[in-house]
Structure formats: structure tokens, C-alpha cells
$ cat coords33.tsv   # TSV, C-alpha atoms and all ligand atoms
chain	number	residue	atom	x	y	z
A	110	MET	CA	-73.27	-6.12	-34.61
A	111	LYS	CA	-75.46	-3.31	-35.90
A	112	THR	CA	-74.78	0.10	-34.32
A	113	TYR	CA	-77.12	3.08	-34.50
A	114	THR	CA	-75.67	6.52	-33.98
A	115	VAL	CA	-78.03	9.26	-32.90
A	116	HIS	CA	-77.49	12.87	-31.88
A	117	CYS	CA	-79.33	15.89	-30.55
A	118	SER	CA	-80.40	18.83	-32.71
A	119	CYS	CA	-77.19	20.81	-32.18
A	120	ASN	CA	-75.06	17.72	-32.69
A	121	ARG	CA	-73.02	18.15	-29.50
A	122	ILE	CA	-74.21	14.92	-27.94
A	123	GLU	CA	-74.02	11.58	-29.66
A	124	LEU	CA	-75.36	8.23	-28.50
A	125	SER	CA	-74.45	4.81	-29.80
A	126	LEU	CA	-76.97	2.00	-29.64
A	127	CYS	CA	-75.64	-1.48	-30.25
A	128	GLY	CA	-77.40	-4.61	-31.43
A	129	GLU	CA	-81.08	-5.13	-30.74
A	130	PRO	CA	-83.27	-3.10	-28.41
A	131	LYS	CA	-84.81	-4.83	-25.42
A	132	ALA	CA	-88.21	-3.50	-26.44
A	133	ARG	CA	-89.89	-1.47	-29.18
A	134	VAL	CA	-93.14	-0.07	-27.95
A	135	ILE	CA	-95.56	2.81	-27.93
A	136	CYS	CA	-96.17	3.57	-24.28
A	137	HIS	CA	-99.33	5.29	-23.11
A	138	CYS	CA	-98.55	5.31	-19.39
A	139	ILE	CA	-99.14	8.33	-17.22
A	140	ASP	CA	-95.51	8.33	-16.00
A	141	CYS	CA	-94.07	8.71	-19.50
A	142	ARG	CA	-96.61	11.42	-20.15
A	143	GLU	CA	-95.64	13.27	-17.01
A	144	LEU	CA	-91.91	12.97	-17.61
A	145	LEU	CA	-91.89	13.57	-21.34
A	146	ASP	CA	-94.89	15.80	-22.06
A	147	GLY	CA	-96.34	13.90	-24.98
A	148	PRO	CA	-99.68	12.08	-25.41
A	149	PHE	CA	-97.84	8.76	-25.87
A	150	TYR	CA	-94.28	7.66	-26.30
A	151	PRO	CA	-92.93	5.68	-29.29
A	152	VAL	CA	-89.69	4.34	-27.95
A	153	THR	CA	-86.90	1.82	-28.20
A	154	VAL	CA	-85.52	0.46	-24.94
A	155	TRP	CA	-81.89	-0.52	-24.47
A	156	THR	CA	-80.00	-2.10	-21.59
A	157	ASP	CA	-77.20	0.06	-20.26
A	158	ASP	CA	-74.54	-2.25	-21.73
A	159	THR	CA	-75.88	-1.70	-25.27
A	160	ALA	CA	-76.28	2.09	-25.10
A	161	SER	CA	-73.66	4.73	-24.43
A	162	VAL	CA	-72.90	8.42	-24.78
A	163	THR	CA	-70.12	8.56	-27.34
A	164	ARG	CA	-69.72	12.33	-27.60
A	165	GLY	CA	-70.51	15.47	-25.62
A	166	GLU	CA	-71.09	13.96	-22.20
A	167	SER	CA	-70.20	17.31	-20.59
A	168	ASN	CA	-73.28	18.81	-22.30
A	169	LEU	CA	-75.59	16.18	-20.90
A	170	GLY	CA	-78.06	17.50	-18.32
A	171	ILE	CA	-79.96	15.18	-16.00
A	172	TYR	CA	-83.42	15.75	-14.57
A	173	GLN	CA	-84.48	13.42	-11.77
A	174	HIS	CA	-88.26	13.34	-11.45
A	175	PRO	CA	-89.12	14.19	-7.81
A	176	ARG	CA	-91.55	11.27	-7.40
A	177	LEU	CA	-90.97	8.75	-10.20
A	178	LYS	CA	-87.84	6.62	-10.38
A	179	MET	CA	-87.18	8.09	-13.78
A	180	LYS	CA	-84.53	10.43	-15.09
A	181	LYS	CA	-84.51	12.44	-18.27
A	182	TYR	CA	-81.26	13.24	-20.07
A	183	PHE	CA	-81.15	16.31	-22.25
A	184	CYS	CA	-78.69	18.55	-24.07
A	185	THR	CA	-77.89	21.65	-22.04
A	186	ASN	CA	-77.20	23.52	-25.27
A	187	CYS	CA	-80.21	22.77	-27.51
A	188	GLY	CA	-82.54	21.38	-24.84
A	189	GLU	CA	-83.42	18.22	-26.70
A	190	VAL	CA	-84.19	15.12	-24.63
A	191	LEU	CA	-81.99	12.25	-25.78
A	192	PHE	CA	-83.26	9.48	-23.55
A	193	ASN	CA	-84.71	8.67	-20.19
A	194	THR	CA	-84.01	5.90	-17.74
A	195	ASN	CA	-86.26	3.90	-15.46
A	196	SER	CA	-85.70	2.21	-12.09
A	197	VAL	CA	-83.58	-0.59	-13.63
A	198	ASP	CA	-81.50	1.87	-15.67
A	199	TRP	CA	-82.72	0.82	-19.07
A	200	TRP	CA	-82.40	3.56	-21.63
A	201	ALA	CA	-85.55	4.64	-23.41
A	202	VAL	CA	-84.60	6.38	-26.65
A	203	PRO	CA	-87.42	8.06	-28.58
A	204	GLN	CA	-88.08	6.76	-32.07
A	205	TRP	CA	-88.18	10.28	-33.47
A	206	LEU	CA	-84.62	10.94	-32.31
A	207	ILE	CA	-83.37	7.81	-34.07
A	208	ALA	CA	-85.36	8.68	-37.21
A	209	LYS	CA	-83.95	12.20	-37.26
A	210	SER	CA	-80.44	10.79	-37.30
A	211	HIS	CA	-81.33	8.40	-40.15
A	212	ASN	CA	-82.67	10.77	-42.84
A	213	ASN	CA	-86.01	10.99	-41.03
A	214	GLN	CA	-86.62	7.30	-41.55
A	215	LEU	CA	-86.82	5.01	-38.58
A	216	PRO	CA	-84.89	1.81	-39.41
A	217	ARG	CA	-87.56	-0.82	-40.05
A	218	GLU	CA	-86.19	-3.21	-37.47
A	219	LEU	CA	-86.69	-0.56	-34.77
A	220	THR	CA	-90.36	0.16	-35.39
A	221	ALA	CA	-92.77	-0.51	-32.52
A	222	VAL	CA	-94.37	-3.94	-32.28
A	223	THR	CA	-96.98	-3.22	-29.62
A	224	HIS	CA	-98.72	-0.59	-27.53
A	225	ILE	CA	-98.45	-0.83	-23.75
A	226	PHE	CA	-100.47	0.74	-20.92
A	227	TYR	CA	-103.22	1.42	-23.43
A	228	GLU	CA	-105.79	1.66	-20.62
A	229	GLN	CA	-104.07	4.86	-19.47
A	230	ARG	CA	-104.24	6.48	-22.89
A	231	ILE	CA	-105.55	9.96	-23.60
A	232	VAL	CA	-105.41	9.49	-27.38
A	233	ASP	CA	-106.82	6.56	-29.36
A	234	VAL	CA	-104.62	5.03	-32.00
A	235	SER	CA	-106.03	3.03	-34.89
A	236	ASP	CA	-103.26	0.85	-36.20
A	237	ASN	CA	-102.93	-2.91	-36.40
A	238	LEU	CA	-100.51	-3.35	-33.52
A	239	PRO	CA	-101.60	-5.25	-30.41
A	240	LYS	CA	-102.64	-2.97	-27.55
A	241	HIS	CA	-101.87	-4.25	-24.08
A	242	LEU	CA	-103.92	-2.67	-21.32
A	243	ARG	CA	-100.87	-2.56	-19.05
A	244	GLY	CA	-97.46	-4.27	-19.40
A	245	PHE	CA	-96.43	-6.89	-21.96
A	246	SER	CA	-98.15	-9.81	-20.26
A	247	SER	CA	-101.40	-7.98	-19.53
A	248	PRO	CA	-104.63	-8.61	-21.46
A	249	LEU	CA	-105.20	-6.95	-24.81
A	250	PHE	CA	-107.57	-4.07	-25.38
A	251	GLU	CA	-110.64	-5.26	-27.25
A	252	GLY	CA	-111.84	-2.17	-29.05
B	1	ZN	ZN	-77.79	19.61	-28.43
B	2	ZN	ZN	-94.62	4.62	-20.12

$ encode --input "coords33.tsv" --output "C-alpha cells"
Amino acid sequence: MKTYTVHCSCNRIELSLCGEPKARVICHCIDCRELLDGPFYPVTVWTDDTASVTRGESNLGIYQHPRLKMKKYFCTNCGEVLFNTNSVDWWAVPQWLIAKSHNNQLPRELTAVTHIFYEQRIVDVSDNLPKHLRGFSSPLFEG
């Protein structure tokens, strides 16, 4: 099974991601924006049995959002966010983190296949990927 190894900027924390992600999306939802401070979130999502911290767990800081059922995990040394979890404990690992650990090239099989929560966007994106207004089964944005 394919394993992806990723690490934070200072290299103290390492994650291992095994097999195939549960989802590969670009999320425009307001919750991701609030938790992660970006206009949208290109991310791979892993179940907690396919993702693990393989080094530096003692450096891992956890921020529990006061209102959302979301936690953000970061390195207490370099400050980089490594992943966040949602209410069902899936791990959302940013694409840029994986790319950084692979010579700045996101492995092709991990690229996003769709946008979600596009109706909550603050930035328009013109690519050829489908853009769901909300979750995966919601209608598509007709620009
Ligand atoms: Zn670090
Ligand atoms: Zn989101």
C-alpha cells in the first residue's frame, strides 16, 4: 500500500498517510475559513486508521475551536498546522503540506477532484473541476 510521509517546516513532527484518501477536495466552507485562515482549503481527507503521527508527537499542539467541532493540530516549535479533524475524527491534511514534503509537487493521485461548499466562497476559482454548492451530493454551481 502506498504511504505518504509528510512533516512540518522544522521537521520535528512527521505524519504517515496510508493508501487512498477518503476525499480530495477544495473546500470553501466558512468553518474551514474560520479555523484555518485561508480563502479556501485544498485538502486530502483521511480516516483515522489510515493516518498517524509517526514522529514528534510530544511537539504536537491541539487547538479546539470553541464553537465548531473541529480541532487543529500544529507544531509547537515551528507553528505549522499539520492537519485538522472534524466531528467524526477524519484527518484533513492540506495539499500544500503534502506537496512540500514531495519536492513541492503534489502526487497526482492526491490532487483535488471537486470543489465543495462553493456557495460559501469568498474567492471565485476558474478551473474545470465540478463545483458543488454544498456537500458532495448537493447541486452543482452553474456559473
Ligand atoms: Zn515543526
Ligand atoms: Zn470546509

$ closest_residue --input "coords33.tsv" --among "A:Ile231, A:Ile225, A:Leu126, A:Leu238" --to "Gly147 in chain A" --atoms "all atoms listed in the file"
A:Ile231

$ residues_near_ligand --input "coords33.tsv" --ligand "ligand ZN 2 (chain B)" --cutoff "6 Å" --atoms "only C-alpha atoms and all ligand atoms" --output "PDB file with C-alpha atoms, in the frame of the given file"
ATOM      1  CA  CYS A 136     -96.170   3.570 -24.280  1.00  0.00           C
ATOM      2  CA  HIS A 137     -99.330   5.290 -23.110  1.00  0.00           C
ATOM      3  CA  CYS A 138     -98.550   5.310 -19.390  1.00  0.00           C
ATOM      4  CA  ASP A 140     -95.510   8.330 -16.000  1.00  0.00           C
ATOM      5  CA  CYS A 141     -94.070   8.710 -19.500  1.00  0.00           C
TER       6      CYS A 141
END

$ closest_residue --input "coords33.tsv" --among "A:Thr223, A:Gln204, A:Asn186, A:Asn213" --to "ligand ZN 1 (chain B)" --atoms "only C-alpha atoms and all ligand atoms"
A:Asn186

$ residues_near_ligand --input "coords33.tsv" --ligand "ligand ZN 1 (chain B)" --cutoff "8 Å" --atoms "all atoms listed in the file" --output "list in words"
His116, Cys117, Ser118, Cys119, Asn120, Arg121, Ile122, Asn168, Phe183, Cys184, Thr185, Asn186, Cys187, Gly188 and Glu189 of chain A

$ write_last_selection --input "coords33.tsv" --atoms "C-alpha atoms" --output "tab-separated table (two decimals), keeping the file's coordinate frame"
chain	number	residue	atom	x	y	z
A	116	HIS	CA	-77.49	12.87	-31.88
A	117	CYS	CA	-79.33	15.89	-30.55
A	118	SER	CA	-80.40	18.83	-32.71
A	119	CYS	CA	-77.19	20.81	-32.18
A	120	ASN	CA	-75.06	17.72	-32.69
A	121	ARG	CA	-73.02	18.15	-29.50
A	122	ILE	CA	-74.21	14.92	-27.94
A	168	ASN	CA	-73.28	18.81	-22.30
A	183	PHE	CA	-81.15	16.31	-22.25
A	184	CYS	CA	-78.69	18.55	-24.07
A	185	THR	CA	-77.89	21.65	-22.04
A	186	ASN	CA	-77.20	23.52	-25.27
A	187	CYS	CA	-80.21	22.77	-27.51
A	188	GLY	CA	-82.54	21.38	-24.84
A	189	GLU	CA	-83.42	18.22	-26.70

$ atom_distance --input "coords33.tsv" --atom1 "CA of His241 in chain A" --atom2 "CA of Leu191 in chain A"
25.9 Å

$ atom_distance --input "coords33.tsv" --atom1 "CA of Gly128 in chain A" --atom2 "CA of Pro203 in chain A"
16.4 Å

$ closest_residue --input "coords33.tsv" --among "A:Arg243, A:Lys181, A:Arg164, A:Lys111" --to "Leu144 in chain A" --atoms "all atoms listed in the file"
A:Lys181

$ closest_residue --input "coords33.tsv" --among "A:Lys209, A:Thr153, A:Pro248, A:Leu177" --to "Ala132 in chain A" --atoms "only C-alpha atoms"
A:Thr153

$ residues_near_point --input "coords33.tsv" --point "(-72.4, 6.5, -27.9)" --cutoff "6 Å" --atoms "all atoms listed in the file" --output "PDB file with C-alpha atoms, in the coordinates of the input"
ATOM      1  CA  GLU A 123     -74.020  11.580 -29.660  1.00  0.00           C
ATOM      2  CA  LEU A 124     -75.360   8.230 -28.500  1.00  0.00           C
ATOM      3  CA  SER A 125     -74.450   4.810 -29.800  1.00  0.00           C
ATOM      4  CA  SER A 161     -73.660   4.730 -24.430  1.00  0.00           C
ATOM      5  CA  VAL A 162     -72.900   8.420 -24.780  1.00  0.00           C
ATOM      6  CA  THR A 163     -70.120   8.560 -27.340  1.00  0.00           C
TER       7      THR A 163
END

$ atom_distance --input "coords33.tsv" --atom1 "CA of Lys131 in chain A" --atom2 "CA of Pro239 in chain A"
17.5 Å

$ axis_aligned_box --input "coords33.tsv" --around "range 123-137 of chain A" --padding-each-side "5 Å" --output "AutoDock Vina command-line options"
--center_x -86.7 --center_y 3.2 --center_z -27.3 --size_x 35.3 --size_y 26.7 --size_z 18.3

$ closest_residue --input "coords33.tsv" --among "A:Ile139, A:His174, A:Thr112, A:Gln214" --to "Glu228 in chain A" --atoms "all atoms listed in the file"
A:Ile139

$ closest_residue --input "coords33.tsv" --among "A:Val190, A:Leu242, A:Val154, A:Val134" --to "Leu169 in chain A" --atoms "all atoms listed in the file"
A:Val190

$ residues_around --input "coords33.tsv" --residues "Leu215 in chain A" --least-positions-apart "3" --cutoff "12 Å" --atoms "all atoms listed in the file" --output "ChimeraX atom specification"
/A:113,115,133,151-153,203-212,218-221

$ build_atoms --input "coords33.tsv" --residues "range 164-190 of chain A" --atoms "N, CA, C and O atoms" --output "mmCIF file, keeping the file's coordinate frame"
data_model
loop_
_atom_site.group_PDB
_atom_site.id
_atom_site.type_symbol
_atom_site.label_atom_id
_atom_site.label_comp_id
_atom_site.auth_asym_id
_atom_site.auth_seq_id
_atom_site.Cartn_x
_atom_site.Cartn_y
_atom_site.Cartn_z
ATOM 1 N N ARG A 164 -70.283 10.997 -27.430
ATOM 2 C CA ARG A 164 -69.720 12.330 -27.600
ATOM 3 C C ARG A 164 -70.518 13.331 -26.779
ATOM 4 O O ARG A 164 -71.735 13.178 -26.629
ATOM 5 N N GLY A 165 -69.836 14.330 -26.242
ATOM 6 C CA GLY A 165 -70.510 15.470 -25.620
ATOM 7 C C GLY A 165 -71.090 15.226 -24.252
ATOM 8 O O GLY A 165 -72.023 15.910 -23.834
ATOM 9 N N GLU A 166 -70.543 14.282 -23.519
ATOM 10 C CA GLU A 166 -71.090 13.960 -22.200
ATOM 11 C C GLU A 166 -71.146 15.183 -21.276
ATOM 12 O O GLU A 166 -72.041 15.303 -20.442
ATOM 13 N N SER A 167 -70.205 16.121 -21.451
ATOM 14 C CA SER A 167 -70.200 17.310 -20.590
ATOM 15 C C SER A 167 -71.404 18.221 -20.861
ATOM 16 O O SER A 167 -71.728 19.083 -20.055
ATOM 17 N N ASN A 168 -72.075 18.025 -21.991
ATOM 18 C CA ASN A 168 -73.280 18.810 -22.300
ATOM 19 C C ASN A 168 -74.565 18.123 -21.845
ATOM 20 O O ASN A 168 -75.658 18.638 -22.064
ATOM 21 N N LEU A 169 -74.413 16.958 -21.265
ATOM 22 C CA LEU A 169 -75.590 16.180 -20.900
ATOM 23 C C LEU A 169 -76.153 16.640 -19.557
ATOM 24 O O LEU A 169 -75.473 16.582 -18.534
ATOM 25 N N GLY A 170 -77.390 17.121 -19.559
ATOM 26 C CA GLY A 170 -78.060 17.500 -18.320
ATOM 27 C C GLY A 170 -78.949 16.365 -17.853
ATOM 28 O O GLY A 170 -79.431 15.581 -18.669
ATOM 29 N N ILE A 171 -79.136 16.262 -16.542
ATOM 30 C CA ILE A 171 -79.960 15.180 -16.000
ATOM 31 C C ILE A 171 -81.066 15.766 -15.133
ATOM 32 O O ILE A 171 -80.803 16.583 -14.253
ATOM 33 N N TYR A 172 -82.289 15.356 -15.404
ATOM 34 C CA TYR A 172 -83.420 15.750 -14.570
ATOM 35 C C TYR A 172 -83.962 14.519 -13.864
ATOM 36 O O TYR A 172 -84.399 13.564 -14.524
ATOM 37 N N GLN A 173 -83.905 14.516 -12.554
ATOM 38 C CA GLN A 173 -84.480 13.420 -11.770
ATOM 39 C C GLN A 173 -85.909 13.813 -11.383
ATOM 40 O O GLN A 173 -86.112 14.829 -10.702
ATOM 41 N N HIS A 174 -86.877 13.030 -11.825
ATOM 42 C CA HIS A 174 -88.260 13.340 -11.450
ATOM 43 C C HIS A 174 -88.397 13.223 -9.928
ATOM 44 O O HIS A 174 -87.905 12.272 -9.333
ATOM 45 N N PRO A 175 -89.059 14.190 -9.278
ATOM 46 C CA PRO A 175 -89.120 14.190 -7.810
ATOM 47 C C PRO A 175 -89.854 12.989 -7.215
ATOM 48 O O PRO A 175 -89.603 12.621 -6.076
ATOM 49 N N ARG A 176 -90.754 12.361 -7.960
ATOM 50 C CA ARG A 176 -91.550 11.270 -7.400
ATOM 51 C C ARG A 176 -91.285 9.945 -8.121
ATOM 52 O O ARG A 176 -91.140 8.905 -7.503
ATOM 53 N N LEU A 177 -91.181 9.974 -9.429
ATOM 54 C CA LEU A 177 -90.970 8.750 -10.200
ATOM 55 C C LEU A 177 -89.500 8.363 -10.160
ATOM 56 O O LEU A 177 -88.639 9.222 -10.053
ATOM 57 N N LYS A 178 -89.237 7.053 -10.294
ATOM 58 C CA LYS A 178 -87.840 6.620 -10.380
ATOM 59 C C LYS A 178 -87.391 6.707 -11.841
ATOM 60 O O LYS A 178 -86.965 5.727 -12.447
ATOM 61 N N MET A 179 -87.520 7.875 -12.388
ATOM 62 C CA MET A 179 -87.180 8.090 -13.780
ATOM 63 C C MET A 179 -86.335 9.348 -13.919
ATOM 64 O O MET A 179 -86.572 10.335 -13.216
ATOM 65 N N LYS A 180 -85.360 9.266 -14.812
ATOM 66 C CA LYS A 180 -84.530 10.430 -15.090
ATOM 67 C C LYS A 180 -84.615 10.739 -16.574
ATOM 68 O O LYS A 180 -84.742 9.838 -17.399
ATOM 69 N N LYS A 181 -84.469 12.009 -16.871
ATOM 70 C CA LYS A 181 -84.510 12.440 -18.270
ATOM 71 C C LYS A 181 -83.174 13.100 -18.569
ATOM 72 O O LYS A 181 -82.679 13.905 -17.781
ATOM 73 N N TYR A 182 -82.588 12.738 -19.685
ATOM 74 C CA TYR A 182 -81.260 13.240 -20.070
ATOM 75 C C TYR A 182 -81.423 14.137 -21.291
ATOM 76 O O TYR A 182 -81.972 13.718 -22.304
ATOM 77 N N PHE A 183 -80.930 15.341 -21.180
ATOM 78 C CA PHE A 183 -81.150 16.310 -22.250
ATOM 79 C C PHE A 183 -79.859 17.070 -22.550
ATOM 80 O O PHE A 183 -78.914 17.067 -21.757
ATOM 81 N N CYS A 184 -79.854 17.742 -23.688
ATOM 82 C CA CYS A 184 -78.690 18.550 -24.070
ATOM 83 C C CYS A 184 -78.823 19.927 -23.424
ATOM 84 O O CYS A 184 -79.846 20.597 -23.603
ATOM 85 N N THR A 185 -77.811 20.352 -22.704
ATOM 86 C CA THR A 185 -77.890 21.650 -22.040
ATOM 87 C C THR A 185 -77.714 22.790 -23.035
ATOM 88 O O THR A 185 -77.956 23.946 -22.708
ATOM 89 N N ASN A 186 -77.315 22.483 -24.263
ATOM 90 C CA ASN A 186 -77.200 23.520 -25.270
ATOM 91 C C ASN A 186 -78.490 23.698 -26.069
ATOM 92 O O ASN A 186 -79.043 24.786 -26.125
ATOM 93 N N CYS A 187 -79.008 22.619 -26.669
ATOM 94 C CA CYS A 187 -80.210 22.770 -27.510
ATOM 95 C C CYS A 187 -81.487 22.346 -26.788
ATOM 96 O O CYS A 187 -82.584 22.583 -27.291
ATOM 97 N N GLY A 188 -81.366 21.725 -25.636
ATOM 98 C CA GLY A 188 -82.540 21.380 -24.840
ATOM 99 C C GLY A 188 -83.208 20.077 -25.223
ATOM 100 O O GLY A 188 -84.168 19.654 -24.581
ATOM 101 N N GLU A 189 -82.745 19.435 -26.263
ATOM 102 C CA GLU A 189 -83.420 18.220 -26.700
ATOM 103 C C GLU A 189 -83.210 17.065 -25.714
ATOM 104 O O GLU A 189 -82.114 16.854 -25.206
ATOM 105 N N VAL A 190 -84.282 16.326 -25.465
ATOM 106 C CA VAL A 190 -84.190 15.120 -24.630
ATOM 107 C C VAL A 190 -83.644 13.983 -25.484
ATOM 108 O O VAL A 190 -84.184 13.703 -26.556
#
